[in-house]
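Asks: Handing over input13.txt, compact mmCIF, C-alpha atoms.
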# COMPACT_ATOMS: atom_id res chain seq x y z
CA MET E 1 45.09 19.58 170.07
CA PHE E 2 42.96 21.13 172.80
CA LYS E 3 42.14 20.66 176.48
CA LEU E 4 39.06 21.67 178.45
CA LEU E 5 40.17 23.44 181.61
CA THR E 6 37.58 23.43 184.40
CA VAL E 7 37.99 25.68 187.42
CA ILE E 8 35.58 25.54 190.40
CA VAL E 9 36.00 28.35 192.94
CA PRO E 10 33.91 30.47 195.34
CA SER E 11 31.57 32.94 193.66
CA GLY E 12 33.15 36.20 192.57
CA GLN E 13 36.62 34.82 191.79
CA CYS E 14 36.18 33.61 188.20
CA ASP E 15 36.48 37.02 186.55
CA ALA E 16 39.99 37.58 187.95
CA ILE E 17 40.97 33.99 187.19
CA SER E 18 39.66 34.33 183.64
CA GLN E 19 41.68 37.49 183.06
CA ALA E 20 44.83 35.77 184.37
CA ALA E 21 44.17 32.78 182.11
CA LYS E 22 43.67 34.99 179.04
CA ALA E 23 46.88 36.87 179.80
CA ALA E 24 48.65 33.49 179.76
CA GLY E 25 47.18 32.48 176.39
CA ALA E 26 43.63 31.21 177.00
CA PRO E 27 41.30 32.39 174.21
CA GLY E 28 38.29 32.89 176.50
CA GLY E 29 35.73 30.87 178.38
CA THR E 30 32.29 30.55 179.94
CA ILE E 31 31.38 31.12 183.60
CA ILE E 32 28.53 29.13 185.12
CA PRO E 33 27.06 29.71 188.60
CA GLY E 34 26.76 26.77 190.98
CA ARG E 35 27.01 25.75 194.62
CA GLY E 36 29.17 23.41 196.66
CA THR E 37 27.51 20.37 198.26
CA ALA E 38 30.36 18.49 199.95
CA PRO E 39 29.81 17.38 203.59
CA ASN E 40 32.00 18.85 206.32
CA ASN E 41 34.14 15.73 206.72
CA ILE E 42 35.71 16.26 203.29
CA LEU E 43 35.42 20.04 203.22
CA SER E 44 39.10 20.37 204.17
CA LEU E 45 40.07 18.13 201.25
CA LEU E 46 38.14 19.81 198.45
CA GLY E 47 37.41 23.24 199.84
CA PHE E 48 33.73 22.80 199.03
CA GLY E 49 30.76 23.51 201.27
CA ASP E 50 27.12 24.49 200.86
CA SER E 51 28.18 27.83 199.41
CA SER E 52 27.94 29.78 196.17
CA LYS E 53 30.40 28.66 193.49
CA GLU E 54 31.43 29.59 189.97
CA ILE E 55 32.66 27.21 187.29
CA LEU E 56 34.96 28.47 184.55
CA LEU E 57 35.14 26.37 181.38
CA SER E 58 37.82 27.19 178.83
CA VAL E 59 39.00 25.22 175.79
CA VAL E 60 42.72 25.94 175.43
CA PRO E 61 45.51 24.80 173.09
CA GLU E 62 47.32 21.83 174.63
CA GLN E 63 50.74 23.45 174.21
CA ALA E 64 49.61 26.42 176.31
CA GLU E 65 47.95 24.38 179.06
CA GLU E 66 50.78 24.39 181.60
CA LYS E 67 51.33 28.14 181.33
CA ILE E 68 47.62 28.81 181.74
CA ARG E 69 47.34 26.41 184.69
CA SER E 70 50.26 28.15 186.39
CA ALA E 71 48.64 31.56 185.87
CA ILE E 72 45.37 30.29 187.39
CA ALA E 73 47.17 28.76 190.37
CA GLU E 74 49.11 31.97 190.94
CA GLU E 75 45.92 34.03 190.87
CA CYS E 76 44.22 31.66 193.33
CA GLN E 77 47.15 31.92 195.73
CA LYS E 78 46.22 35.56 196.29
CA LYS E 79 43.19 34.31 198.26
CA LYS E 80 43.43 32.79 201.73
CA GLY E 81 42.53 29.16 202.29
CA ARG E 82 41.71 26.39 199.85
CA ASP E 83 39.70 28.08 197.12
CA GLY E 84 38.64 25.27 194.80
CA VAL E 85 39.84 22.82 192.17
CA LEU E 86 41.28 22.86 188.66
CA PHE E 87 41.27 19.93 186.26
CA SER E 88 41.56 19.34 182.53
CA ILE E 89 39.92 16.94 180.07
CA LYS E 90 41.19 16.02 176.63
CA VAL E 91 38.96 17.39 173.87
CA ASN E 92 38.26 14.89 171.09
CA SER E 93 36.86 17.37 168.60
CA PHE E 94 36.49 21.14 168.63
CA ILE E 95 34.40 23.31 166.31
CA LYS E 96 34.40 27.11 166.30
CA SER E 97 31.34 28.91 164.95
CA GLY E 98 31.83 30.42 161.52
CA SER E 99 34.53 27.89 160.59
CA LYS E 100 34.19 25.36 157.79
CA ALA E 101 36.15 22.57 159.46
CA ASP E 102 36.98 21.20 162.89
CA LEU E 103 40.01 22.82 164.49
CA CYS E 104 40.74 19.60 166.34
CA LYS E 105 39.53 16.10 165.60
CA GLU E 106 40.78 12.68 166.63
CA GLU E 107 38.91 9.93 164.83
CA LYS E 108 40.44 7.11 166.91
CA SER E 109 39.20 8.52 170.19
CA MET E 110 35.61 8.44 169.00
CA SER E 111 35.60 4.63 169.14
CA ASP E 112 37.52 4.25 172.39
CA ASN E 113 34.42 4.88 174.53
CA SER E 114 30.78 3.89 174.12
CA PHE E 115 29.47 7.39 174.80
CA GLN E 116 30.59 10.94 174.09
CA LEU E 117 29.62 14.13 175.90
CA ILE E 118 28.82 16.84 173.35
CA THR E 119 28.95 20.37 174.73
CA ALA E 120 27.69 23.31 172.68
CA ILE E 121 28.09 26.86 174.00
CA MET E 122 26.08 29.49 172.16
CA ASN E 123 24.47 32.88 172.57
CA LYS E 124 21.42 32.92 174.80
CA GLY E 125 18.16 31.92 173.12
CA TYR E 126 19.46 29.29 170.70
CA ALA E 127 19.74 26.19 172.89
CA GLU E 128 16.31 24.86 171.89
CA ASP E 129 17.17 25.19 168.19
CA ALA E 130 20.44 23.36 168.82
CA MET E 131 18.62 20.57 170.68
CA ALA E 132 16.10 20.20 167.86
CA ALA E 133 18.93 19.87 165.35
CA ALA E 134 20.67 17.34 167.61
CA ARG E 135 17.51 15.22 167.87
CA SER E 136 17.18 15.20 164.09
CA ALA E 137 20.66 13.66 163.98
CA GLY E 138 19.91 10.94 166.53
CA ALA E 139 20.31 12.57 169.96
CA GLY E 140 17.88 11.54 172.67
CA GLY E 141 17.91 14.58 174.95
CA GLY E 142 20.14 17.11 176.63
CA THR E 143 20.60 19.57 179.48
CA VAL E 144 20.74 23.35 179.14
CA LEU E 145 22.71 25.54 181.57
CA GLY E 146 22.86 29.31 181.69
CA GLY E 147 26.19 31.12 181.79
CA ARG E 148 28.10 34.17 180.64
CA GLY E 149 31.14 34.86 178.53
CA THR E 150 34.33 36.04 180.20
CA ALA E 151 34.98 39.03 177.94
CA ARG E 152 33.95 42.50 179.01
CA GLU E 153 31.68 44.63 176.82
CA GLY E 154 33.63 45.73 173.75
CA ASP E 155 36.27 42.98 174.07
CA ALA E 156 37.14 40.96 170.96
CA LYS E 157 39.52 38.43 172.45
CA PHE E 158 37.60 35.13 172.33
CA PHE E 159 39.29 33.47 169.34
CA GLY E 160 39.71 36.96 167.91
CA VAL E 161 36.02 37.77 167.56
CA GLU E 162 33.43 39.67 169.58
CA ILE E 163 31.32 37.60 171.94
CA VAL E 164 27.97 38.13 173.65
CA PRO E 165 28.10 37.93 177.49
CA GLU E 166 24.88 35.93 177.97
CA LYS E 167 25.43 32.27 177.02
CA GLU E 168 23.65 28.93 177.10
CA MET E 169 25.46 25.61 177.35
CA LEU E 170 23.82 22.50 175.93
CA MET E 171 25.17 19.14 177.15
CA ILE E 172 24.22 15.96 175.26
CA LEU E 173 25.31 12.42 176.09
CA ALA E 174 25.30 10.40 172.86
CA PRO E 175 26.60 7.09 171.51
CA ALA E 176 30.11 7.53 170.16
CA ASP E 177 29.11 6.47 166.64
CA LYS E 178 26.51 9.29 166.49
CA ALA E 179 28.50 12.07 168.18
CA ALA E 180 30.11 13.45 165.03
CA GLN E 181 26.83 13.71 163.08
CA ILE E 182 25.08 15.34 166.05
CA ALA E 183 27.87 17.92 166.40
CA ASP E 184 27.73 18.59 162.65
CA ALA E 185 23.94 19.08 162.81
CA ILE E 186 24.34 21.72 165.53
CA LYS E 187 27.18 23.38 163.63
CA SER E 188 24.99 23.72 160.52
CA LEU E 189 22.51 26.03 162.30
CA GLU E 190 22.33 29.66 161.18
CA CYS E 191 23.12 30.82 164.72
CA PHE E 192 26.56 29.19 164.41
CA SER E 193 27.40 30.78 161.06
CA LYS E 194 28.73 34.00 162.56
CA GLY E 195 32.20 33.95 164.07
CA GLY E 196 32.20 34.26 167.85
CA SER E 197 28.63 33.01 168.30
CA GLY E 198 29.63 29.71 169.90
CA ILE E 199 31.80 26.61 170.10
CA ILE E 200 31.17 22.85 170.15
CA TYR E 201 33.45 20.24 171.65
CA THR E 202 33.24 16.56 172.58
CA THR E 203 34.85 14.53 175.35
CA ASN E 204 34.81 10.88 176.35
CA ALA E 205 32.17 9.84 178.90
CA GLN E 206 33.72 7.23 181.18
CA ASP E 207 32.01 4.74 183.52
CA PHE E 208 28.59 5.54 182.08
CA SER E 209 25.50 4.09 183.78
CA LEU E 210 21.77 4.85 183.93
CA LEU E 211 20.26 5.87 187.25
CA GLY E 212 16.87 4.90 188.64
CA LYS E 213 14.67 1.83 188.38
CA LYS E 214 15.17 -0.45 185.42
Just give me the structure of the file as structure tokens.
Replies:
Amino acid sequence: MFKLLTVIVPSGQCDAISQAAKAAGAPGGTIIPGRGTAPNNILSLLGFGDSSKEILLSVVPEQAEEKIRSAIAEECQKKKGRDGVLFSIKVNSFIKSGSKADLCKEEKSMSDNSFQLITAIMNKGYAEDAMAAARSAGAGGGTVLGGRGTAREGDAKFFGVEIVPEKEMLMILAPADKAAQIADAIKSLECFSKGGSGIIYTTNAQDFSLLGKK
């Protein structure tokens, strides 16, 4: 089984944290730029402010989670003050590009929630193709974020294959009964046929509601 580790820290810290995580057994990850938006009255609680942030996403084997979390915490302790947050989410299904089958799949969890969040991380330039494939399988829409891989040029450590630094992350919220076919449609694309070109994973979406006027 797998877990999605999410680390949110001030900009410039994710590279060192990623290296510490990989040394502890993490296969790799994706770094996404962002910014903190918390008001001052809870700044001391979360360590967030209106400042530049980085988000590290890494799908890790469940049995290695505690060791990786400890390595991340130890790396963060080298910085003064409250640097950010770390949390994990159970991954319902996990697909590696170039593989013929899911590495992790829990059929029961697909029916526990009404909606699933499908996340596809791929080399830059293929998100629109992935969204088109997802729509053909019943998806309504999605959100694309830009990011970068954590490996340095020449590294081949992300699940044992070479990765491209520039990444795009496609996030799709879909009904649970359609999530598997949408993920399979994205997986079938030519851009996912080469090992190391991307991953797809799904997680439960809890307390889902639509925003805006009805």
Asks: Give me, please, the distance in Å between CA of Gln116 (chain E) and CA of Thr202 (chain E), quoted to one decimal.
Replies: 6.4 Å
Asks: Quick one: distance from CA of Ile200 (chain E) to CA of Asp184 (chain E) in Å, one decimal?
Replies: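 Going from CA of Ile200 (chain E) over to CA of Asp184 (chain E) covers 9.3 Å.
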Asks: List as a count of residues only the protein and nucleic acid residues near Leu57 (chain E), meaning an atom at most 12 Å away when all atoms listed in the file are counted, but skip any in the same chain fewer than 4 places from it.
Replies: 34
Asks: Go through E:Met171, E:Ala137, E:Ile118, E:Leu56 and flag the residue nearest Val85 (chain E), using all atoms listed in the file for the distances.
Replies: E:Leu56
Asks: Which one of E:Gln13, E:Gln181, E:Thr203, E:Ser197 sits closest to Tyr126 (chain E) if you count all atoms listed in the file?
Replies: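 The shortest atom-to-atom distance to Tyr126 (chain E) comes from E:Ser197.
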Asks: Rank E:Ser193, E:Ser52, E:Ile72, E:Phe2 by their smallest atom-to-atom distance to Lys22 (chain E), using all atoms listed in the file, and report the top residue only.
Replies: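 Of the candidates, the smallest distance to Lys22 (chain E) is held by E:Ile72.
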Asks: So what do you get for CA of Glu75 (chain E) versus CA of Pro61 (chain E), distance-wise?
Replies: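 The value is 20.0 Å.
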Asks: Using all atoms listed in the file, which of the listed residues (E:Pro10, E:Gly146, E:Gly84, E:Gly140) sits closest to Ala179 (chain E)?
Replies: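 Counting all atoms listed in the file, the residue closest to Ala179 (chain E) is E:Gly140.
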Asks: Which residue is closest to Met122 (chain E)? Choose from E:Ala205, E:Ser188, E:Ile95, E:Leu170 and count only C-alpha atoms.
Replies: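 Using only C-alpha atoms, the shortest distance to Met122 (chain E) belongs to E:Leu170.
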Asks: Pick out the closest residue to Ala127 (chain E) from this set: E:Asp177, E:Glu65, E:Glu190, E:Glu168. Count only C-alpha atoms.
Replies: E:Glu168
Asks: Edge lengths and centre in Å to one decimal, as JSON, is what I'm after for the box along x, y and z that holds all listed atoms of region 3-16 of chain E once 6 Å is added on each side.
Replies:
{"center_x": 36.9, "center_y": 29.1, "center_z": 185.9, "size_x": 22.6, "size_y": 28.9, "size_z": 30.9}
Asks: Tell me which protein, DNA and RNA residues are within 9 Å of Ala133 (chain E), counting all atoms listed in the file, leaving out same-chain ones fewer than 5 positions away, and put them as an mmCIF file with C-alpha atoms, in the frame of the given file.
Replies:
data_model
loop_
_atom_site.group_PDB
_atom_site.id
_atom_site.type_symbol
_atom_site.label_atom_id
_atom_site.label_comp_id
_atom_site.auth_asym_id
_atom_site.auth_seq_id
_atom_site.Cartn_x
_atom_site.Cartn_y
_atom_site.Cartn_z
ATOM 1 C CA GLU E 128 16.310 24.860 171.890
ATOM 2 C CA ALA E 139 20.310 12.570 169.960
ATOM 3 C CA ILE E 182 25.080 15.340 166.050
ATOM 4 C CA ALA E 185 23.940 19.080 162.810
ATOM 5 C CA ILE E 186 24.340 21.720 165.530
ATOM 6 C CA SER E 188 24.990 23.720 160.520
ATOM 7 C CA LEU E 189 22.510 26.030 162.300
#
Asks: If you count only C-alpha atoms, which residues fall within 8 Å of Ala71 (chain E), apart from same-chain ones fewer than 2 positions away, as JSON, numbers by chain?
Replies: {"E": [20, 21, 24, 67, 68, 69, 73, 74, 75]}
